[in-house]
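Novice: Next up is a structure, given as structure tokens.
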Amino acid sequence: MRQFSLLSRTAGAAFMTPAGVLIGAFVIAPFFWVIYVSFTNRTLLGRTALNPEFVGLANYISLFDAGSFFTRGEFGFSLILTVQFVLFSALIGQAVLGMLLAWMLQSVPKSLKRLTEMVVIAAWILPEVVIAFAWFAFLDYDDGTLNMIMDALGLPRGDWLLSFPFWVIVVFNTWRGTAFSMMLFNSAFSSIPPSYFQAADVAGASSWQKFRDIGLPLIRGHVVTDLILITMWTFNVFTPFLLTAGGPSYRTEILPIYTYRVAFRDFEFGKGAAVGVIVMLINLVFALFYLWVARKRTAKVVA
Amino acid sequence: MRIRQHAYWISVAAATALAAPAMAADLTITCRCVEDGVNSEQAMWIKESVIPGFTEMKAEAGEEVNVTLTEFAGSDEQLTQQLALDFSTGAGPDVAGFDGFLIPSFVEGGLLKPLKELAGDAVTNWEGWDHISEGAVALMSYQGEPYGIALGTDVRMIFVRADILEEAGIDPESWQPGSWEELLETARTLKEKNPDSFPLQLNAGVPMGEATTMQGYWMALLGTGEEVTDEEGRWIVESQGILDTLNLYKTIYVDEKLGDQRAQLLGDGRNRTFANFRDGTTALLVEGDWFYRSVTAPDSEFAVENRDEVMTWAKMPAKEPGAGLRGQDFVTISGGTGFVLNPNTDEPELAWGLLAYMNSKEQLAAFQDFQPRIRIRDDVPIPDEPFLTETSQTLLPLTTARPNSAEYNAVSAEIQRMTEAVVSGELSPEEAMARYRDAVIGIVGEENTVSLL
């Protein structure tokens, strides 16, 4: 079959060039530069700033040094923390809560549905700095809203940001990101023909049975897509920094914050670049998995 | 058609005429100083005295100059971060507020140039050098080259809330601990009297940055007779002095809760310690004279009411009498902050002109109206402030300084981590020191370190 094209090859190339140059200058070149820097001991301050030395794999080896791997404030600790953060805030928090909300919204009056959607989406679209500030005010030990509520209920005050910093960022990220999963599941449920549910109603099925046997199986593909996407986003999210700055004592230092600290607060560009390369590889795995799943789904549809 | 063309040429001429004044030189100056905020007096001095004076002086010489002050409201560490990134990319203010201890690491990183290299003879021939002592020039120098001019030096001590000591039956006038134990004993008495209070503040933790190293760690470590480096400049990575210092932290924050542990860990912890002192929660606070000159000055956020009566000071004791640095009974340490020039400034001569003008006799004398201090120039009269004269006469003979080394900044960050690990209860002093040793060896290389154990 002969390919029909709107443009000649030359014209196509001409149109591609500006974008290609920009991507080359701002994405491809820095990509290789970061890989190069990760093999040096380059810093921003001090002697190794002007005269960095080639150190081979030393940066990578120090990241995986068994003696300090699990110590707070080191790469391993941060990696494990990030996995926990993704598990609790994205996979359990956002996906489960989003699913629950989406399912419940199928059978409520339209006005309530709109209101709920509005509130959940507001949490998603507000600027991050504003959100972080509001949460900071909410959780403050001395004058925070949460502790005022605790006082009013006669419950003990909590020092949330210091005593439970990890759970604070988990709840924060769940609250922040649930909207996406909810909307995605919501529209997925809407695509199921209503007659399926009407038939189930006639048979006297409970809501749980309808969800288990009709709703969930029919939107399985969407669920997988959602899980992969929110895993990737949560893995790379930086917003908790605005709430805890990675502290206290590195207890909320997830990988993006760790990378930032090493590269732009300690100014160890070499080590920071090494972390960046590893994070890039992890993201690559996520992305390939996502593309593989997406292609499988398309193939199925075509078949 | 003719007329229209005519109009065109007229408007071009007008536009060029209007554009000419826009050719005036622009200078920017940044410091961690905010009107009605941190270092308010410095911001006011620059805005009300330096900038109008400088613009007028230049205008008289037929030069039009616009000077803008950027009031940086973040922390010292954030300003350092900003300047490091700015200077490395050719951006940033022409004149920047700067802490002298950072100069070696910036210079080695190629992020600062000597004043002479930037502005040439104007620097060499400046009349001010004759009025600034060698030691004061050294505050902003590295390897004998000045990179900026300091506003002055400082000293560190224990600030005391006399009213709280009195309530606990201690005479504040004669109170002067002779050892760490006596200092802790007073704190215990105060804690017993008011169990909700945190009588003693010795800075620790990462969020306070260099304020942890300078006001906290050094002030304790010097009391053990040690410094961060030995006489040959090797970094001490294991010693009894480090352990004693960390154990002092442990006693204060973990074992006996004499200090506010939260304030050491929270992001805005340092301000919290100031508020604690203002509110009487903390009675003994180790800080630099900046705390008196600026933080608690009348009308500032942390102003102590009735300051002249309720606030006094004492010398920081060594661990035991005679155990301090050089066998001293009491210890203190000095640094200096001032201003440097951007190495990539478009107007090096003009920027130097502004820096020199700020450090003219006239401007430093004008600064006294905003914030009395012992100025760096010997031709500016010493202000009539008993606190300033007493503390400097007592403490300057006892003082020492940080190593003037490019690695100090990175080692200092490790010191902050080490103290944080101890005060948060995460690591024991021995474990924290072991981690410090490994980290410092990673920074300076094992051959430049020494163990005294």
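Convention: chains lettered A, B, ... in structure tokens order; per-chain residue numbering from 1; ligands numbered from 1 as shown.
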What are the closest atom pairs, with distances in Å to one decimal, for all residues of chain B lying within 8 Å of chain A? Consider only C-alpha atoms, order rows by chain and residue number, and present the result as a tab-separated table.
Specialist:
residue	atom	partner	partner_atom	distance
B:Gln81	CA	A:Arg265	CA	6.6
B:Ala84	CA	A:Leu44	CA	7.4
B:Ser88	CA	A:Leu44	CA	7.9
B:Pro104	CA	A:Gly46	CA	7.3
B:Ser105	CA	A:Gly46	CA	4.2
B:Phe106	CA	A:Leu45	CA	5.4
B:Val107	CA	A:Gly46	CA	7.3
B:Glu108	CA	A:Gly46	CA	4.7
B:Gly109	CA	A:Leu45	CA	4.5
B:Gly110	CA	A:Leu50	CA	6.5
B:Leu111	CA	A:Leu45	CA	7.8
B:Val206	CA	A:Ser249	CA	7.9
B:Arg262	CA	A:Leu162	CA	7.6
B:Leu265	CA	A:Pro248	CA	5.6
B:Leu266	CA	A:Pro248	CA	6.6
B:Gly267	CA	A:Ala245	CA	7.4
B:Ala406	CA	A:Gly46	CA	5.2
B:Glu407	CA	A:Gly46	CA	6.4
B:Ala410	CA	A:Asp266	CA	7.4
B:Glu420	CA	A:Ser249	CA	6.9
B:Ala421	CA	A:Ser249	CA	7.1
B:Ser424	CA	A:Ser249	CA	7.5
Novice: List every residue of range 315-438 of chain B that DSSP, applied to the backbone of this structure, assigns to strand (DSSP E or B), and report them as a list of chain:residue names.
Specialist: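 So the strand (DSSP E or B) residues in range 315-438 of chain B would be B:Met316, B:Pro317, B:Phe330, B:Val331, B:Ser334, B:Gly336, B:Thr337, B:Gly338, B:Phe339, B:Val340, B:Leu341, B:Arg377, B:Ala401.
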Novice: Excluding Leu139 in chain A and its own-chain neighbours fewer than 5 positions away, which residues fall within 8 Å of it when counting only C-alpha atoms? Please give them as a PyMOL selection string.
Specialist: chain A and resi 144-147+160-161
Novice: Would you mind exporting the chosen residues as a PDB file, in the first residue's frame, restricted to N, CA and C atoms?
Specialist:
ATOM      1  N   GLY A 144      -2.626  25.389  64.908  1.00  0.00           N
ATOM      2  CA  GLY A 144      -3.201  24.696  63.758  1.00  0.00           C
ATOM      3  C   GLY A 144      -4.665  24.343  63.949  1.00  0.00           C
ATOM      4  N   THR A 145      -5.393  24.296  62.840  1.00  0.00           N
ATOM      5  CA  THR A 145      -6.824  23.975  62.884  1.00  0.00           C
ATOM      6  C   THR A 145      -7.055  22.573  63.457  1.00  0.00           C
ATOM      7  N   LEU A 146      -6.223  21.626  63.023  1.00  0.00           N
ATOM      8  CA  LEU A 146      -6.418  20.245  63.458  1.00  0.00           C
ATOM      9  C   LEU A 146      -6.324  20.129  64.978  1.00  0.00           C
ATOM     10  N   ASN A 147      -5.330  20.796  65.561  1.00  0.00           N
ATOM     11  CA  ASN A 147      -5.190  20.715  67.014  1.00  0.00           C
ATOM     12  C   ASN A 147      -6.316  21.455  67.732  1.00  0.00           C
ATOM     13  N   TRP A 160       1.950  16.877  64.701  1.00  0.00           N
ATOM     14  CA  TRP A 160       1.842  16.089  63.473  1.00  0.00           C
ATOM     15  C   TRP A 160       3.089  16.120  62.621  1.00  0.00           C
ATOM     16  N   LEU A 161       3.599  17.314  62.341  1.00  0.00           N
ATOM     17  CA  LEU A 161       4.710  17.417  61.396  1.00  0.00           C
ATOM     18  C   LEU A 161       6.014  16.852  61.958  1.00  0.00           C
TER      19      LEU A 161
END
Novice: List the neighbours of Val380 in chain B out to 10 Å using only C-alpha atoms; skip same-chain residues closer than 4 positions along the sequence, and give me the result as a PyMOL selection string.
Specialist: chain B and resi 131+360-366+368+374-376
Novice: Can you tell me which residues surround Pro146 in chain B at a distance of at most 7 Å, considering only C-alpha atoms, apart from same-chain residues fewer than 5 positions away, and format the answer as an MDAnalysis selection string?
Specialist: chainID B and resid 114:115 137 140:141
Novice: Using N, CA and C atoms, can you write the selected residues to a file as a PDB file, in the first residue's frame?
Specialist:
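Heads up, here's the output in selection.pdb:
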ATOM      1  N   PRO B 114      38.752  38.607  43.168  1.00  0.00           N
ATOM      2  CA  PRO B 114      39.301  39.602  44.100  1.00  0.00           C
ATOM      3  C   PRO B 114      38.827  41.006  43.695  1.00  0.00           C
ATOM      4  N   LEU B 115      38.621  41.850  44.700  1.00  0.00           N
ATOM      5  CA  LEU B 115      38.184  43.219  44.424  1.00  0.00           C
ATOM      6  C   LEU B 115      39.126  43.897  43.437  1.00  0.00           C
ATOM      7  N   VAL B 137      40.083  43.183  57.639  1.00  0.00           N
ATOM      8  CA  VAL B 137      40.168  42.926  56.197  1.00  0.00           C
ATOM      9  C   VAL B 137      40.124  41.417  55.960  1.00  0.00           C
ATOM     10  N   MET B 140      36.931  39.050  55.205  1.00  0.00           N
ATOM     11  CA  MET B 140      36.358  38.820  53.877  1.00  0.00           C
ATOM     12  C   MET B 140      37.472  38.539  52.864  1.00  0.00           C
ATOM     13  N   SER B 141      38.578  37.926  53.323  1.00  0.00           N
ATOM     14  CA  SER B 141      39.703  37.663  52.428  1.00  0.00           C
ATOM     15  C   SER B 141      39.989  36.173  52.359  1.00  0.00           C
TER      16      SER B 141
END
Novice: Which residue is closest to Ile282 in chain A? Choose from A:Leu79, A:Ile92, A:Ile192, A:Ala199 and count only C-alpha atoms.
Specialist: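 Smallest separation from Ile282 in chain A among the options: A:Leu79.
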Novice: Hey, which of B:Val423, B:Ala323, B:Thr345, B:Tyr292 ends up closest to Gly90 in chain B? Count only C-alpha atoms.
Specialist: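 Looking at the shortest contact to Gly90 in chain B, the residue is B:Thr345.
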Novice: Would you mind listing what lies within 12 Å of Gly276 in chain A as JSON, numbers by chain, with only C-alpha atoms counted and same-chain residues fewer than 2 positions away left out?
Specialist: {"A": [30, 31, 32, 33, 34, 35, 36, 37, 38, 59, 60, 63, 75, 236, 255, 256, 257, 258, 259, 260, 261, 262, 263, 269, 270, 271, 272, 273, 274, 278, 279, 280, 281, 282, 283]}
Novice: How about saving the chosen residues, C-alpha atoms kept, as a CSV table (one decimal), in the first residue's frame?
Specialist:
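Once written, again_25.csv looks like this:
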chain,number,residue,atom,x,y,z
A,30,PRO,CA,21.6,17.7,29.2
A,31,PHE,CA,20.7,14.0,29.3
A,32,PHE,CA,24.2,13.0,28.2
A,33,TRP,CA,25.8,15.8,30.2
A,34,VAL,CA,24.1,14.4,33.4
A,35,ILE,CA,25.4,10.9,32.6
A,36,TYR,CA,28.9,12.4,32.1
A,37,VAL,CA,28.8,14.5,35.3
A,38,SER,CA,27.7,11.4,37.3
A,59,ASN,CA,29.4,8.0,42.9
A,60,TYR,CA,27.3,5.0,42.2
A,63,LEU,CA,25.1,5.4,46.8
A,75,PHE,CA,20.1,6.9,49.1
A,236,ASN,CA,8.6,11.9,41.0
A,255,LEU,CA,13.9,10.5,46.1
A,256,PRO,CA,13.1,13.8,44.3
A,257,ILE,CA,13.8,15.8,47.5
A,258,TYR,CA,17.0,13.7,48.1
A,259,THR,CA,18.2,14.5,44.6
A,260,TYR,CA,17.5,18.1,45.1
A,261,ARG,CA,19.3,18.3,48.4
A,262,VAL,CA,22.4,16.5,47.2
A,263,ALA,CA,22.6,18.5,43.9
A,269,PHE,CA,26.7,17.8,41.2
A,270,GLY,CA,28.5,14.5,40.6
A,271,LYS,CA,26.6,12.5,43.2
A,272,GLY,CA,23.4,14.3,42.4
A,273,ALA,CA,23.8,13.4,38.8
A,274,ALA,CA,24.3,9.7,39.7
A,278,ILE,CA,19.2,6.0,38.6
A,279,VAL,CA,15.9,7.7,39.0
A,280,MET,CA,15.8,8.1,35.2
A,281,LEU,CA,16.4,4.3,34.8
A,282,ILE,CA,13.6,3.5,37.2
A,283,ASN,CA,11.2,5.9,35.3
Novice: For a quick check of understanding, using only C-alpha atoms, which of B:Asn271, B:Thr213, B:Thr189, B:Asn306 has the smallest distance to Val38 in chain B?
Specialist: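 Looking only at the distances to Val38 in chain B, the closest residue turns out to be B:Asn271.
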Novice: Grab the CA of Leu97 in chain A to CA of Met182 in chain A distance for me, in Å with one decimal place.
Specialist: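 Value for the CA of Leu97 in chain A-CA of Met182 in chain A distance: 7.8 Å.
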Novice: Enumerate as a PyMOL selection string all residues of range 107-264 of chain A assigned to helix (DSSP H, G or I) by DSSP on the backbone, naming them with the chain letters and numbers the document uses.
Specialist: chain A and resi 110-125+128-139+145-152+160-163+165-190+194-202+207-218+220-235+240-244+255-264
Novice: Go ahead and save the picked residues with C-alpha atoms, as a short mmCIF file (atom, residue, chain, number, x, y, z; two decimals), in the first residue's frame.
Specialist:
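Produced file result.cif, reproduced below:
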data_model
loop_
_atom_site.label_atom_id
_atom_site.label_comp_id
_atom_site.auth_asym_id
_atom_site.auth_seq_id
_atom_site.Cartn_x
_atom_site.Cartn_y
_atom_site.Cartn_z
CA LYS A 110 -26.69 14.68 40.18
CA SER A 111 -26.32 17.76 42.38
CA LEU A 112 -24.43 15.83 45.06
CA LYS A 113 -22.27 14.25 42.38
CA ARG A 114 -21.35 17.66 40.95
CA LEU A 115 -20.57 19.06 44.40
CA THR A 116 -18.33 16.14 45.33
CA GLU A 117 -16.50 16.34 42.03
CA MET A 118 -15.99 20.05 42.49
CA VAL A 119 -14.47 19.66 45.94
CA VAL A 120 -12.18 16.79 44.94
CA ILE A 121 -11.04 18.51 41.77
CA ALA A 122 -10.40 21.76 43.63
CA ALA A 123 -7.80 19.91 45.71
CA TRP A 124 -6.19 18.85 42.47
CA ILE A 125 -6.09 22.11 40.54
CA GLU A 128 0.83 23.66 45.07
CA VAL A 129 2.31 26.46 47.13
CA VAL A 130 -1.15 27.57 48.25
CA ILE A 131 -2.10 24.00 49.15
CA ALA A 132 1.10 23.42 51.08
CA PHE A 133 0.63 26.61 53.03
CA ALA A 134 -2.95 25.68 53.88
CA TRP A 135 -1.84 22.27 55.11
CA PHE A 136 0.94 23.83 57.11
CA ALA A 137 -1.59 26.06 58.83
CA PHE A 138 -3.89 23.10 59.34
CA LEU A 139 -1.20 20.95 61.00
CA THR A 145 -6.82 23.97 62.88
CA LEU A 146 -6.42 20.25 63.46
CA ASN A 147 -5.19 20.71 67.01
CA MET A 148 -8.03 23.15 67.70
CA ILE A 149 -10.45 20.45 66.59
CA MET A 150 -8.64 17.93 68.80
CA ASP A 151 -8.92 20.36 71.74
CA ALA A 152 -12.62 20.90 71.11
CA TRP A 160 1.84 16.09 63.47
CA LEU A 161 4.71 17.42 61.40
CA LEU A 162 7.33 16.20 63.86
CA SER A 163 5.84 12.98 65.21
CA PRO A 165 5.84 13.38 59.18
CA PHE A 166 5.66 10.37 56.85
CA TRP A 167 1.94 9.85 57.41
CA VAL A 168 1.36 13.56 56.97
CA ILE A 169 2.82 13.51 53.46
CA VAL A 170 0.97 10.26 52.67
CA VAL A 171 -2.38 11.78 53.65
CA PHE A 172 -1.43 15.01 51.92
CA ASN A 173 -0.59 13.31 48.64
CA THR A 174 -3.71 11.13 48.80
CA TRP A 175 -5.87 14.18 49.36
CA ARG A 176 -4.12 16.03 46.60
CA GLY A 177 -4.15 13.36 43.92
CA THR A 178 -7.37 11.40 44.41
CA ALA A 179 -9.18 13.60 41.89
CA PHE A 180 -7.36 12.11 38.92
CA SER A 181 -8.21 8.50 39.75
CA MET A 182 -11.78 9.48 40.61
CA MET A 183 -12.33 11.23 37.29
CA LEU A 184 -10.71 8.47 35.29
CA PHE A 185 -12.77 5.73 36.99
CA ASN A 186 -15.87 7.89 36.80
CA SER A 187 -15.74 8.22 33.06
CA ALA A 188 -14.79 4.55 32.73
CA PHE A 189 -17.90 3.53 34.69
CA SER A 190 -20.02 5.87 32.54
CA PRO A 194 -26.57 1.09 31.76
CA SER A 195 -28.52 -1.98 30.65
CA TYR A 196 -25.89 -4.24 32.30
CA PHE A 197 -26.63 -2.70 35.69
CA GLN A 198 -30.38 -2.62 35.09
CA ALA A 199 -30.29 -6.35 34.39
CA ALA A 200 -28.30 -6.90 37.58
CA ASP A 201 -30.83 -4.83 39.52
CA VAL A 202 -33.64 -7.04 38.22
CA SER A 207 -23.90 -2.82 45.03
CA TRP A 208 -20.79 -4.84 45.95
CA GLN A 209 -21.82 -7.65 43.61
CA LYS A 210 -22.40 -5.22 40.76
CA PHE A 211 -19.01 -3.66 41.42
CA ARG A 212 -17.18 -6.98 41.65
CA ASP A 213 -18.83 -8.74 38.73
CA ILE A 214 -19.68 -5.96 36.29
CA GLY A 215 -17.97 -2.64 37.10
CA LEU A 216 -14.43 -3.71 37.94
CA PRO A 217 -13.95 -6.37 35.21
CA LEU A 218 -15.13 -3.98 32.52
CA ARG A 220 -9.75 -3.31 34.30
CA GLY A 221 -7.74 -1.70 31.53
CA HIS A 222 -8.39 1.75 32.90
CA VAL A 223 -7.35 0.63 36.36
CA VAL A 224 -3.99 -0.59 35.11
CA THR A 225 -3.40 2.65 33.22
CA ASP A 226 -4.34 4.66 36.29
CA LEU A 227 -2.05 2.68 38.59
CA ILE A 228 0.93 3.07 36.31
CA LEU A 229 0.38 6.78 35.79
CA ILE A 230 -0.08 7.66 39.46
CA THR A 231 2.88 5.49 40.41
CA MET A 232 5.08 7.44 38.01
CA TRP A 233 3.80 10.79 39.20
CA THR A 234 4.03 9.98 42.87
CA PHE A 235 7.50 8.57 42.39
CA PRO A 240 5.92 17.30 50.03
CA PHE A 241 9.06 19.43 50.17
CA LEU A 242 6.87 22.48 50.66
CA LEU A 243 5.37 20.86 53.74
CA THR A 244 8.34 19.24 55.47
CA LEU A 255 13.89 10.54 46.12
CA PRO A 256 13.07 13.81 44.32
CA ILE A 257 13.80 15.75 47.52
CA TYR A 258 16.95 13.71 48.15
CA THR A 259 18.18 14.46 44.63
CA TYR A 260 17.46 18.14 45.08
CA ARG A 261 19.29 18.25 48.41
CA VAL A 262 22.39 16.48 47.17
CA ALA A 263 22.63 18.47 43.94
CA PHE A 264 21.37 21.92 44.86
#
Novice: Rounded to one decimal place, report the CA of Asn344 in chain B-CA of Leu27 in chain B distance in Å.
Specialist: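 Atom-to-atom, CA of Asn344 in chain B and CA of Leu27 in chain B are spaced 12.6 Å apart.
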Novice: Using Å and a single decimal, report how far CA of Pro127 in chain A sits from CA of Asp86 in chain B.
Specialist: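 CA of Asp86 in chain B sits 26.1 Å away from CA of Pro127 in chain A.
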Novice: Would you pick out the contacts of Arg326 in chain B at 8 Å or less, using only C-alpha atoms, so that residues sharing its chain but fewer than 2 positions from it are not included, and give the list as a list in words?
Specialist: Gly225, Gly324 and Gln328 of chain B
